[in-house]
Structures are given as C-alpha cells and as structure tokens.
$ cat entry_39.cif   # mmCIF, C-alpha atoms and all ligand atoms
data_target
loop_
_atom_site.label_atom_id
_atom_site.label_comp_id
_atom_site.auth_asym_id
_atom_site.auth_seq_id
_atom_site.Cartn_x
_atom_site.Cartn_y
_atom_site.Cartn_z
CA MET K 1 134.69 190.16 47.16
CA LYS K 2 132.71 192.36 44.81
CA GLU K 3 130.14 195.01 45.58
CA TYR K 4 128.14 196.92 42.98
CA HIS K 5 125.73 198.87 45.14
CA SER K 6 126.94 201.72 47.34
CA HIS K 7 125.99 205.34 47.91
CA THR K 8 127.56 208.68 48.87
CA PHE K 9 126.45 211.58 51.05
CA ARG K 10 124.98 213.31 47.99
CA CYS K 11 121.72 211.34 48.20
CA LYS K 12 121.01 212.99 51.57
CA HIS K 13 120.49 209.70 53.46
CA ALA K 14 123.96 208.14 53.20
CA VAL K 15 127.28 209.16 54.71
CA GLY K 16 130.78 209.23 53.28
CA ASP K 17 132.17 209.83 49.82
CA ALA K 18 133.53 207.44 47.20
CA SER K 19 137.01 207.47 48.77
CA ASP K 20 135.62 206.49 52.19
CA TYR K 21 133.89 203.44 50.69
CA ALA K 22 137.02 202.66 48.69
CA ARG K 23 139.18 202.81 51.81
CA PHE K 24 136.89 200.38 53.63
CA ALA K 25 136.69 198.04 50.63
CA TYR K 26 140.44 198.12 50.12
CA ASP K 27 141.12 197.43 53.81
CA HIS K 28 138.71 194.49 53.74
CA GLY K 29 140.16 192.80 50.69
CA TYR K 30 137.57 193.66 48.07
CA GLU K 31 138.50 193.24 44.40
CA THR K 32 135.71 195.40 43.00
CA LEU K 33 133.66 198.31 44.30
CA GLY K 34 130.86 199.84 42.28
CA ILE K 35 129.60 203.24 43.38
CA SER K 36 125.93 203.65 42.51
CA ASP K 37 124.33 206.62 44.18
CA HIS K 38 120.69 207.60 43.60
CA THR K 39 120.35 209.35 40.26
CA PRO K 40 119.22 212.95 39.97
CA LEU K 41 115.77 213.31 38.38
CA PRO K 42 115.39 217.05 38.01
CA ASP K 43 111.80 217.37 36.84
CA ILE K 44 110.12 214.75 39.02
CA PRO K 45 108.01 216.28 41.81
CA VAL K 46 108.54 213.52 44.38
CA SER K 47 111.53 211.90 46.09
CA GLN K 48 114.01 214.76 45.64
CA GLU K 49 114.92 214.30 49.30
CA ILE K 50 116.58 210.95 48.60
CA ARG K 51 118.71 211.85 45.57
CA MET K 52 121.52 214.12 44.50
CA ASP K 53 120.85 217.33 42.66
CA ILE K 54 121.65 217.45 38.95
CA SER K 55 124.26 220.12 39.77
CA GLU K 56 126.18 217.52 41.85
CA LEU K 57 126.67 215.08 39.01
CA ASP K 58 130.08 216.37 37.89
CA ASP K 59 131.34 216.36 41.46
CA TYR K 60 130.03 212.81 42.00
CA VAL K 61 131.88 211.49 38.98
CA GLN K 62 134.99 213.43 39.96
CA ALA K 63 134.88 211.93 43.46
CA ILE K 64 134.80 208.41 42.02
CA GLU K 65 137.70 209.19 39.69
CA THR K 66 139.69 210.58 42.61
CA ALA K 67 139.05 207.33 44.52
CA GLN K 68 140.19 205.35 41.48
CA GLU K 69 143.47 207.26 41.49
CA SER K 70 143.93 206.85 45.26
CA PHE K 71 143.26 203.08 45.29
CA PRO K 72 144.84 201.60 42.17
CA GLY K 73 144.72 198.12 43.77
CA LEU K 74 140.92 198.20 43.89
CA LYS K 75 138.74 198.12 40.81
CA ILE K 76 136.32 201.01 41.30
CA ILE K 77 133.45 201.26 38.85
CA LYS K 78 131.31 204.31 38.13
CA GLY K 79 127.62 203.56 38.30
CA MET K 80 124.23 204.90 39.30
CA GLU K 81 121.02 203.55 40.83
CA CYS K 82 118.14 204.76 38.68
CA GLU K 83 114.40 204.71 38.43
CA TYR K 84 113.15 204.09 34.93
CA VAL K 85 111.28 207.16 33.80
CA LYS K 86 110.29 206.86 30.18
CA GLN K 87 110.88 210.48 29.18
CA HIS K 88 114.44 210.27 30.55
CA GLN K 89 115.77 207.71 28.05
CA SER K 90 118.32 210.14 26.64
CA PHE K 91 119.40 211.25 30.10
CA TYR K 92 120.50 207.67 30.89
CA THR K 93 122.16 207.09 27.55
CA ASP K 94 123.59 210.50 26.60
CA GLU K 95 124.24 212.08 29.99
CA LEU K 96 124.97 209.26 32.42
CA ARG K 97 126.57 206.68 30.14
CA GLY K 98 127.73 209.12 27.49
CA ARG K 99 128.98 212.41 28.90
CA HIS K 100 129.75 211.10 32.39
CA GLY K 101 131.07 207.72 31.32
CA LEU K 102 129.13 205.64 33.84
CA ARG K 103 129.79 201.96 33.27
CA TYR K 104 126.60 200.48 34.67
CA LEU K 105 123.11 201.50 35.74
CA ILE K 106 121.02 199.70 38.34
CA LEU K 107 117.26 199.65 37.90
CA ALA K 108 115.35 200.43 41.13
CA GLN K 109 111.77 201.69 41.07
CA HIS K 110 111.41 203.85 44.17
CA ILE K 111 108.97 206.06 42.28
CA PHE K 112 106.41 205.34 39.59
CA ARG K 113 103.08 206.51 38.20
CA SER K 114 99.93 205.11 39.75
CA ASN K 115 96.49 206.33 38.78
CA GLY K 116 97.99 209.36 37.04
CA GLU K 117 100.06 210.48 40.05
CA TRP K 118 103.67 210.07 40.99
CA VAL K 119 104.02 207.69 43.91
CA PHE K 120 107.14 207.72 46.04
CA PHE K 121 107.73 204.24 47.31
CA TRP K 122 108.29 205.00 50.97
CA LYS K 123 105.35 207.34 51.21
CA GLY K 124 102.54 206.27 48.93
CA LEU K 125 102.32 202.53 48.88
CA LYS K 126 99.53 200.62 50.44
CA GLY K 127 97.63 198.13 48.34
CA ILE K 128 97.05 196.11 45.24
CA ARG K 129 96.83 199.11 42.93
CA GLU K 130 100.29 200.26 43.94
CA LEU K 131 101.67 196.72 43.83
CA LYS K 132 100.52 196.45 40.21
CA ALA K 133 101.80 199.93 39.32
CA TYR K 134 105.18 199.08 40.85
CA THR K 135 105.28 195.83 38.91
CA ASP K 136 104.34 197.49 35.61
CA SER K 137 106.94 200.23 36.01
CA LEU K 138 109.66 197.75 36.94
CA ILE K 139 108.82 195.58 33.94
CA ALA K 140 108.92 198.65 31.68
CA GLY K 141 112.39 199.41 33.06
CA ILE K 142 113.54 195.83 32.48
CA GLY K 143 112.27 195.99 28.90
CA SER K 144 113.97 199.32 28.22
CA GLY K 145 117.38 197.70 27.83
CA LEU K 146 118.98 200.60 29.71
CA PHE K 147 119.96 198.78 32.89
CA ASP K 148 122.40 196.14 34.03
CA PHE K 149 120.59 194.52 36.93
CA ILE K 150 117.43 194.84 38.98
CA ALA K 151 117.79 196.11 42.53
CA HIS K 152 115.56 194.63 45.22
CA PRO K 153 112.78 193.40 42.89
CA ASP K 154 110.97 192.15 46.01
CA ILE K 155 110.96 195.52 47.80
CA PHE K 156 107.17 195.56 47.49
CA GLY K 157 107.27 193.18 50.46
CA ALA K 158 107.84 196.30 52.59
CA PHE K 159 104.28 197.50 52.01
CA TYR K 160 102.30 194.65 50.52
CA ILE K 161 102.11 192.20 53.37
CA PRO K 162 100.36 189.01 52.23
CA TRP K 163 101.98 186.44 50.01
CA ASP K 164 98.76 185.92 48.09
CA ALA K 165 97.69 185.37 44.50
CA GLU K 166 98.38 189.04 43.63
CA ALA K 167 101.86 188.98 45.11
CA ILE K 168 102.63 185.72 43.35
CA ALA K 169 101.30 186.98 39.99
CA CYS K 170 103.36 190.18 40.23
CA SER K 171 106.45 188.26 41.31
CA ARG K 172 106.05 185.86 38.39
CA ALA K 173 105.64 188.79 35.98
CA ILE K 174 108.84 190.41 37.28
CA LEU K 175 110.81 187.17 37.21
CA SER K 176 109.62 186.29 33.71
CA ALA K 177 110.59 189.74 32.42
CA ALA K 178 114.03 189.42 34.02
CA LYS K 179 114.46 185.98 32.51
CA GLU K 180 113.46 187.18 29.06
CA ALA K 181 115.86 190.13 29.28
CA GLY K 182 118.65 187.99 30.74
CA MET K 183 119.00 190.48 33.59
CA PRO K 184 120.38 189.55 37.00
CA VAL K 185 118.13 190.14 40.03
CA GLU K 186 119.55 191.46 43.27
CA ILE K 187 119.29 190.09 46.79
CA ASN K 188 119.60 193.36 48.69
CA THR K 189 120.81 192.93 52.26
CA HIS K 190 119.80 196.46 53.25
CA GLY K 191 116.38 194.93 53.89
CA TYR K 192 117.91 192.64 56.53
CA ARG K 193 119.25 195.72 58.30
CA LYS K 194 115.94 197.59 58.37
CA LYS K 195 113.33 197.45 61.08
CA LYS K 196 111.26 194.28 60.86
CA ILE K 197 107.62 194.68 59.97
CA ASP K 198 104.66 193.32 61.84
CA THR K 199 102.52 190.87 59.88
CA PRO K 200 99.74 188.47 60.86
CA GLY K 201 102.35 185.71 60.50
CA GLY K 202 104.75 187.46 62.89
CA LEU K 203 107.70 189.81 62.42
CA ARG K 204 109.59 189.60 59.15
CA ASP K 205 112.17 191.56 57.17
CA PRO K 206 110.56 194.05 54.76
CA TYR K 207 112.76 192.42 52.07
CA PRO K 208 114.38 190.13 50.91
CA LEU K 209 111.07 188.34 50.73
CA GLU K 210 111.57 184.65 51.38
CA PRO K 211 108.81 183.25 49.13
CA PHE K 212 109.87 185.55 46.30
CA TRP K 213 113.29 183.91 46.25
CA GLU K 214 111.81 180.46 46.56
CA LEU K 215 109.78 181.25 43.45
CA ALA K 216 112.85 182.78 41.77
CA SER K 217 114.63 179.44 42.07
CA THR K 218 112.26 178.01 39.46
CA TYR K 219 113.40 180.63 36.89
CA ASP K 220 117.14 179.87 36.96
CA LEU K 221 118.05 183.56 36.97
CA PRO K 222 121.47 185.05 37.66
CA VAL K 223 121.49 186.58 41.14
CA ILE K 224 123.66 189.42 42.45
CA VAL K 225 124.12 190.00 46.17
CA SER K 226 124.44 193.65 47.24
CA SER K 227 124.81 195.24 50.60
CA ASP K 228 123.41 198.56 49.27
CA ALA K 229 125.83 200.41 51.55
CA HIS K 230 124.70 203.78 52.84
CA LYS K 231 127.80 204.08 55.02
CA PRO K 232 131.22 202.52 54.41
CA GLU K 233 130.91 199.92 57.16
CA ASP K 234 127.69 198.63 55.55
CA LEU K 235 129.86 196.97 52.89
CA GLY K 236 129.35 193.24 53.28
CA ALA K 237 126.81 193.64 56.10
CA LYS K 238 124.37 190.74 56.31
CA THR K 239 125.65 189.19 53.11
CA ASP K 240 125.92 185.97 55.12
CA GLU K 241 122.11 186.00 55.28
CA ALA K 242 121.97 186.34 51.50
CA ALA K 243 124.39 183.44 51.16
CA LYS K 244 122.04 181.30 53.26
CA LEU K 245 119.11 182.28 51.05
CA ILE K 246 121.13 181.31 47.98
CA ARG K 247 121.96 177.92 49.46
CA ARG K 248 118.42 177.33 50.69
CA TYR K 249 116.89 177.80 47.24
CA ASN K 250 119.85 176.74 45.13
CA LEU K 251 120.05 180.16 43.44
CA ARG K 252 122.74 181.02 40.90
CA SER K 253 125.01 183.78 42.19
CA VAL K 254 126.99 185.74 39.57
CA ASP K 255 129.27 188.77 39.19
CA LEU K 256 128.08 191.59 36.99
CA PRO K 257 128.96 190.48 33.47
CA GLY K 258 131.22 192.73 31.44
CA LEU K 259 132.61 194.75 34.34
ZN ZN U 1 119.18 204.85 49.44
ZN ZN U 2 120.76 201.70 46.78
#
$ encode --input "entry_39.cif" --output "structure tokens" --more "lines below"
Ligand SMILES: [Zn+2]
Ligand SMILES: [Zn+2]
Amino acid sequence: MKEYHSHTFRCKHAVGDASDYARFAYDHGYETLGISDHTPLPDIPVSQEIRMDISELDDYVQAIETAQESFPGLKIIKGMECEYVKQHQSFYTDELRGRHGLRYLILAQHIFRSNGEWVFFWKGLKGIRELKAYTDSLIAGIGSGLFDFIAHPDIFGAFYIPWDAEAIACSRAILSAAKEAGMPVEINTHGYRKKKIDTPGGLRDPYPLEPFWELASTYDLPVIVSSDAHKPEDLGAKTDEAAKLIRRYNLRSVDLPGL
C-alpha cells in the first residue's frame, strides 16, 4: 500500500508526528508513506489557523528524517500540501524543494482570491462567484508546473450544492487542465469521513463528488487515492469507498510517478 497524503500536529488540526504515522504504516504493511502537511504561507492574512508556522519548517523536515531513520523498511517521502499563490513561486522551488529537499508538492486550493479578497475555503464559499474563483486558482496552480498531483479537485462540492451547468463547466475546465498537464487527480477519502451535507436530493458526502468522477472517466486521467490522514489511524480509512468509485467509473489508478 502507498499513501502520499498525511499531516502532522503542526497544522493545528491533526494529531501525531511523522514517526507516529510511520509506525502505523509500518505495522499495517505499507510500502510507501508520504508526509504532506499544510504548507506555511507567512504573508497570507487568512487560514493561518490550519497550517504550520514558517518557523516550524526545519523541525517538520527533521521529524520526517528521524522517521526515515527509525523505519528503514518503509519508504518515507518528504512532501507538502500547498496552495498555489503566484508570488510564492520561489518559496516552492527554492525553499521547499531546494533548501528543505522536499520530493513532492501537492496542489490544494484551500484559499484563493475572489473579487480582490482572500477567501478561505471553509469560511468564505457560497456561490457561483467563488466556484469560478476556486476553479481559476486551481487551474493556475495546475499550469504552474510546480506540483505533482491535484488534491481533492472536487472539494467545491462541499459548498456548491447543485450539479448544474456551472458545476459541470468548472469540472470540465479542471479536468481538461489536468489532462493537458498530465497531472494525476486525487480521490480524497477524508470527504467520506466528514459530516454529510444536506441537499435537495438528500444527504451526500461533501466530496468525493460522484458526478465529478463520472465525468472524469471520460478524460482518462491518472487517479491517486489518498486518505488525507489527520491522525495515524486515518491511514487507509474509507479507501474501500474510493476503490468502489474507481471500479464504478473504470478510472485509472496510479502510484505517484518518479517517487
Ligand atoms: Zn487538513
Ligand atoms: Zn491534506
């Protein structure tokens, strides 16, 4: 088993450190564990409560290296989950990949600009304007060439309820950009573990968004399944649901290339 999406206590909404996740993964027969906590973004006025401080970066990398030494039988990879922020290009390349030697970066737009303001996903999203702003920022991140795969591209399903022409157009734009860039898209099982949301069609998971993945099947994209673990025992949780989704829509599941 391989997992590329896991967090540490530094993001302020996960528990455990790299070694705790490594212990669980090792005990459960994993081959590969990627640690990918939420990146620091020092000068962004929103969402600081869900990410590590820039001053914790050295310690984060050190903790992963300690886990690597403690579990030589497990391949542990240094990564980070990042929002694409245009003015931070050199931070991703020089700091994260360069100075800190991170091997992969996940693209996840929890924040973006909408109407001249920073919007934090879990607080500011409500309608079509935000859906479009999310889509534009994600596509900019895909086009940047900085990232290895796209986390929960369908996370907009948590706030934009209908599967209507707007949702389909944005989904197509995201999927086309991923296809053009040759970037894998992630089925993120954290959404299956969150509270269901009430919609006119009944209760549903905020994400993964069923019709998004049905549409994705027509793009023949590589798909990565992640449990997005925020505690060690989340590793592998609900990945059986993702496997069903993959079978249902004949999706193409892959490992992260080059790692
Ligand atoms: Zn998180
Ligand atoms: Zn995550």
$ residues_around --input "entry_39.cif" --residues "region 165-168 of chain K" --least-positions-apart "6" --cutoff "10 Å" --atoms "all atoms listed in the file" --output "PyMOL selection string"
chain K and resi 128+131-132+135+154+156-157+174+211-212+215
$ residues_around --input "entry_39.cif" --residues "region 64-66 of chain K" --least-positions-apart "2" --cutoff "8 Å" --atoms "only C-alpha atoms" --output "list in words"
Ala18, Ser19, Ile35, Tyr60, Val61, Gln62, Gln68, Glu69, Ser70, Ile76, Ile77 and Lys78 of chain K
$ write_last_selection --input "entry_39.cif" --atoms "C-alpha atoms" --output "PDB file, in the coordinates of the input"
ATOM      1  CA  ALA K  18     133.530 207.440  47.200  1.00  0.00           C
ATOM      2  CA  SER K  19     137.010 207.470  48.770  1.00  0.00           C
ATOM      3  CA  ILE K  35     129.600 203.240  43.380  1.00  0.00           C
ATOM      4  CA  TYR K  60     130.030 212.810  42.000  1.00  0.00           C
ATOM      5  CA  VAL K  61     131.880 211.490  38.980  1.00  0.00           C
ATOM      6  CA  GLN K  62     134.990 213.430  39.960  1.00  0.00           C
ATOM      7  CA  GLN K  68     140.190 205.350  41.480  1.00  0.00           C
ATOM      8  CA  GLU K  69     143.470 207.260  41.490  1.00  0.00           C
ATOM      9  CA  SER K  70     143.930 206.850  45.260  1.00  0.00           C
ATOM     10  CA  ILE K  76     136.320 201.010  41.300  1.00  0.00           C
ATOM     11  CA  ILE K  77     133.450 201.260  38.850  1.00  0.00           C
ATOM     12  CA  LYS K  78     131.310 204.310  38.130  1.00  0.00           C
TER      13      LYS K  78
END
$ residues_near_ligand --input "entry_39.cif" --ligand "ligand ZN 1 (chain U)" --cutoff "9 Å" --atoms "only C-alpha atoms and all ligand atoms" --output "ChimeraX atom specification"
/K:6-7,11-14,37-38,50-51,81,228-230
$ closest_residue --input "entry_39.cif" --among "K:Gln109, K:Lys126, K:Phe71, K:Phe147" --to "Leu96 (chain K)" --atoms "only C-alpha atoms"
K:Phe147
$ residues_around --input "entry_39.cif" --residues "region 234-242 of chain K" --least-positions-apart "2" --cutoff "12 Å" --atoms "only C-alpha atoms" --output "short mmCIF file (atom, residue, chain, number, x, y, z; two decimals) with C-alpha atoms, in the frame of the given file"
data_model
loop_
_atom_site.label_atom_id
_atom_site.label_comp_id
_atom_site.auth_asym_id
_atom_site.auth_seq_id
_atom_site.Cartn_x
_atom_site.Cartn_y
_atom_site.Cartn_z
CA MET K 1 134.69 190.16 47.16
CA LYS K 2 132.71 192.36 44.81
CA GLU K 3 130.14 195.01 45.58
CA TYR K 4 128.14 196.92 42.98
CA HIS K 5 125.73 198.87 45.14
CA SER K 6 126.94 201.72 47.34
CA HIS K 7 125.99 205.34 47.91
CA ALA K 14 123.96 208.14 53.20
CA VAL K 15 127.28 209.16 54.71
CA GLY K 16 130.78 209.23 53.28
CA ASP K 20 135.62 206.49 52.19
CA TYR K 21 133.89 203.44 50.69
CA ALA K 22 137.02 202.66 48.69
CA ARG K 23 139.18 202.81 51.81
CA PHE K 24 136.89 200.38 53.63
CA ALA K 25 136.69 198.04 50.63
CA TYR K 26 140.44 198.12 50.12
CA ASP K 27 141.12 197.43 53.81
CA HIS K 28 138.71 194.49 53.74
CA GLY K 29 140.16 192.80 50.69
CA TYR K 30 137.57 193.66 48.07
CA THR K 32 135.71 195.40 43.00
CA LEU K 33 133.66 198.31 44.30
CA GLY K 34 130.86 199.84 42.28
CA ILE K 35 129.60 203.24 43.38
CA GLU K 186 119.55 191.46 43.27
CA ILE K 187 119.29 190.09 46.79
CA ASN K 188 119.60 193.36 48.69
CA THR K 189 120.81 192.93 52.26
CA HIS K 190 119.80 196.46 53.25
CA GLY K 191 116.38 194.93 53.89
CA TYR K 192 117.91 192.64 56.53
CA ARG K 193 119.25 195.72 58.30
CA LYS K 194 115.94 197.59 58.37
CA ASP K 205 112.17 191.56 57.17
CA TYR K 207 112.76 192.42 52.07
CA PRO K 208 114.38 190.13 50.91
CA LEU K 209 111.07 188.34 50.73
CA GLU K 210 111.57 184.65 51.38
CA TRP K 213 113.29 183.91 46.25
CA VAL K 223 121.49 186.58 41.14
CA ILE K 224 123.66 189.42 42.45
CA VAL K 225 124.12 190.00 46.17
CA SER K 226 124.44 193.65 47.24
CA SER K 227 124.81 195.24 50.60
CA ASP K 228 123.41 198.56 49.27
CA ALA K 229 125.83 200.41 51.55
CA HIS K 230 124.70 203.78 52.84
CA LYS K 231 127.80 204.08 55.02
CA PRO K 232 131.22 202.52 54.41
CA LYS K 244 122.04 181.30 53.26
CA LEU K 245 119.11 182.28 51.05
CA ILE K 246 121.13 181.31 47.98
CA ARG K 247 121.96 177.92 49.46
CA ARG K 248 118.42 177.33 50.69
CA TYR K 249 116.89 177.80 47.24
CA ASN K 250 119.85 176.74 45.13
CA LEU K 251 120.05 180.16 43.44
CA ARG K 252 122.74 181.02 40.90
CA SER K 253 125.01 183.78 42.19
#
$ atom_distance --input "entry_39.cif" --atom1 "CA of Glu31 (chain K)" --atom2 "CA of Gly141 (chain K)"
29.1 Å
$ atom_distance --input "entry_39.cif" --atom1 "CA of Thr8 (chain K)" --atom2 "CA of Gly101 (chain K)"
17.9 Å
$ residues_near_point --input "entry_39.cif" --point "(124.5, 205.0, 32.4)" --cutoff "9 Å" --atoms "all atoms listed in the file" --output "PyMOL selection string"
chain K and resi 78-80+82+91-98+100-106+146-147
$ closest_residue --input "entry_39.cif" --among "K:Pro40, K:Gly73, K:Gly258, K:Gly116" --to "Arg129 (chain K)" --atoms "all atoms listed in the file"
K:Gly116
$ atom_distance --input "entry_39.cif" --atom1 "CA of Glu180 (chain K)" --atom2 "CA of Gly143 (chain K)"
8.9 Å
$ axis_aligned_box --input "entry_39.cif" --around "region 56-64 of chain K" --padding-each-side "3 Å" --output "lines of an AutoDock Vina configuration file"
center_x = 130.6
center_y = 213.0
center_z = 40.7
size_x = 14.8
size_y = 15.1
size_z = 11.6
$ closest_residue --input "entry_39.cif" --among "K:His88, K:Glu117, K:Leu74, K:Val254" --to "Pro45 (chain K)" --atoms "only C-alpha atoms"
K:Glu117
$ closest_residue --input "entry_39.cif" --among "K:Ala63, K:Leu41, K:Val85, K:Ala151" --to "ligand ZN 2 (chain U)" --atoms "all atoms listed in the file"
K:Ala151
$ residues_around --input "entry_39.cif" --residues "Lys123 (chain K)" --least-positions-apart "3" --cutoff "10 Å" --atoms "all atoms listed in the file" --output "ChimeraX atom specification"
/K:46-47,110-111,119-120,126,159
$ closest_residue --input "entry_39.cif" --among "K:Asp43, K:Pro72, K:Glu233, K:Glu83" --to "ligand ZN 2 (chain U)" --atoms "all atoms listed in the file"
K:Glu83
$ closest_residue --input "entry_39.cif" --among "K:Glu130, K:Phe9, K:Ala67, K:Lys75" --to "Asp53 (chain K)" --atoms "all atoms listed in the file"
K:Phe9
$ build_atoms --input "entry_39.cif" --residues "region 132-155 of chain K" --atoms "N, CA and C atoms" --output "PDB file, in the coordinates of the input"
ATOM      1  N   LYS K 132     100.571 196.655  41.668  1.00  0.00           N
ATOM      2  CA  LYS K 132     100.520 196.450  40.210  1.00  0.00           C
ATOM      3  C   LYS K 132     101.255 197.565  39.484  1.00  0.00           C
ATOM      4  N   ALA K 133     101.113 198.801  39.974  1.00  0.00           N
ATOM      5  CA  ALA K 133     101.800 199.930  39.320  1.00  0.00           C
ATOM      6  C   ALA K 133     103.313 199.768  39.460  1.00  0.00           C
ATOM      7  N   TYR K 134     103.758 199.345  40.641  1.00  0.00           N
ATOM      8  CA  TYR K 134     105.180 199.080  40.850  1.00  0.00           C
ATOM      9  C   TYR K 134     105.662 198.016  39.860  1.00  0.00           C
ATOM     10  N   THR K 135     104.901 196.941  39.780  1.00  0.00           N
ATOM     11  CA  THR K 135     105.280 195.830  38.910  1.00  0.00           C
ATOM     12  C   THR K 135     105.354 196.278  37.451  1.00  0.00           C
ATOM     13  N   ASP K 136     104.346 197.024  37.006  1.00  0.00           N
ATOM     14  CA  ASP K 136     104.340 197.490  35.610  1.00  0.00           C
ATOM     15  C   ASP K 136     105.535 198.391  35.328  1.00  0.00           C
ATOM     16  N   SER K 137     105.840 199.284  36.267  1.00  0.00           N
ATOM     17  CA  SER K 137     106.940 200.230  36.010  1.00  0.00           C
ATOM     18  C   SER K 137     108.280 199.500  36.029  1.00  0.00           C
ATOM     19  N   LEU K 138     108.407 198.513  36.900  1.00  0.00           N
ATOM     20  CA  LEU K 138     109.660 197.750  36.940  1.00  0.00           C
ATOM     21  C   LEU K 138     109.833 196.960  35.638  1.00  0.00           C
ATOM     22  N   ILE K 139     108.750 196.358  35.175  1.00  0.00           N
ATOM     23  CA  ILE K 139     108.820 195.580  33.940  1.00  0.00           C
ATOM     24  C   ILE K 139     109.138 196.483  32.749  1.00  0.00           C
ATOM     25  N   ALA K 140     108.592 197.691  32.745  1.00  0.00           N
ATOM     26  CA  ALA K 140     108.920 198.650  31.680  1.00  0.00           C
ATOM     27  C   ALA K 140     110.422 198.970  31.719  1.00  0.00           C
ATOM     28  N   GLY K 141     110.954 199.134  32.918  1.00  0.00           N
ATOM     29  CA  GLY K 141     112.390 199.410  33.060  1.00  0.00           C
ATOM     30  C   GLY K 141     113.234 198.238  32.593  1.00  0.00           C
ATOM     31  N   ILE K 142     112.804 197.040  32.916  1.00  0.00           N
ATOM     32  CA  ILE K 142     113.540 195.830  32.480  1.00  0.00           C
ATOM     33  C   ILE K 142     113.544 195.772  30.955  1.00  0.00           C
ATOM     34  N   GLY K 143     112.393 196.071  30.362  1.00  0.00           N
ATOM     35  CA  GLY K 143     112.270 195.990  28.900  1.00  0.00           C
ATOM     36  C   GLY K 143     112.983 197.114  28.165  1.00  0.00           C
ATOM     37  N   SER K 144     113.356 198.160  28.883  1.00  0.00           N
ATOM     38  CA  SER K 144     113.970 199.320  28.220  1.00  0.00           C
ATOM     39  C   SER K 144     115.371 199.024  27.704  1.00  0.00           C
ATOM     40  N   GLY K 145     116.020 198.019  28.260  1.00  0.00           N
ATOM     41  CA  GLY K 145     117.380 197.700  27.830  1.00  0.00           C
ATOM     42  C   GLY K 145     118.430 198.679  28.329  1.00  0.00           C
ATOM     43  N   LEU K 146     118.050 199.568  29.244  1.00  0.00           N
ATOM     44  CA  LEU K 146     118.980 200.600  29.710  1.00  0.00           C
ATOM     45  C   LEU K 146     119.816 200.154  30.907  1.00  0.00           C
ATOM     46  N   PHE K 147     119.403 199.081  31.564  1.00  0.00           N
ATOM     47  CA  PHE K 147     119.960 198.780  32.890  1.00  0.00           C
ATOM     48  C   PHE K 147     120.666 197.431  32.944  1.00  0.00           C
ATOM     49  N   ASP K 148     121.532 197.316  33.927  1.00  0.00           N
ATOM     50  CA  ASP K 148     122.400 196.140  34.030  1.00  0.00           C
ATOM     51  C   ASP K 148     121.894 195.076  35.008  1.00  0.00           C
ATOM     52  N   PHE K 149     121.247 195.510  36.060  1.00  0.00           N
ATOM     53  CA  PHE K 149     120.590 194.520  36.930  1.00  0.00           C
ATOM     54  C   PHE K 149     119.451 195.192  37.696  1.00  0.00           C
ATOM     55  N   ILE K 150     118.647 194.357  38.338  1.00  0.00           N
ATOM     56  CA  ILE K 150     117.430 194.840  38.980  1.00  0.00           C
ATOM     57  C   ILE K 150     117.618 194.835  40.492  1.00  0.00           C
ATOM     58  N   ALA K 151     117.637 196.015  41.082  1.00  0.00           N
ATOM     59  CA  ALA K 151     117.790 196.110  42.530  1.00  0.00           C
ATOM     60  C   ALA K 151     116.509 195.671  43.227  1.00  0.00           C
ATOM     61  N   HIS K 152     116.675 195.039  44.345  1.00  0.00           N
ATOM     62  CA  HIS K 152     115.560 194.630  45.220  1.00  0.00           C
ATOM     63  C   HIS K 152     114.197 194.515  44.522  1.00  0.00           C
ATOM     64  N   PRO K 153     114.068 193.544  43.592  1.00  0.00           N
ATOM     65  CA  PRO K 153     112.780 193.400  42.890  1.00  0.00           C
ATOM     66  C   PRO K 153     111.627 193.127  43.855  1.00  0.00           C
ATOM     67  N   ASP K 154     111.960 192.562  45.009  1.00  0.00           N
ATOM     68  CA  ASP K 154     110.970 192.150  46.010  1.00  0.00           C
ATOM     69  C   ASP K 154     110.717 193.221  47.070  1.00  0.00           C
ATOM     70  N   ILE K 155     111.106 194.460  46.783  1.00  0.00           N
ATOM     71  CA  ILE K 155     110.960 195.520  47.800  1.00  0.00           C
ATOM     72  C   ILE K 155     109.480 195.802  48.101  1.00  0.00           C
TER      73      ILE K 155
END
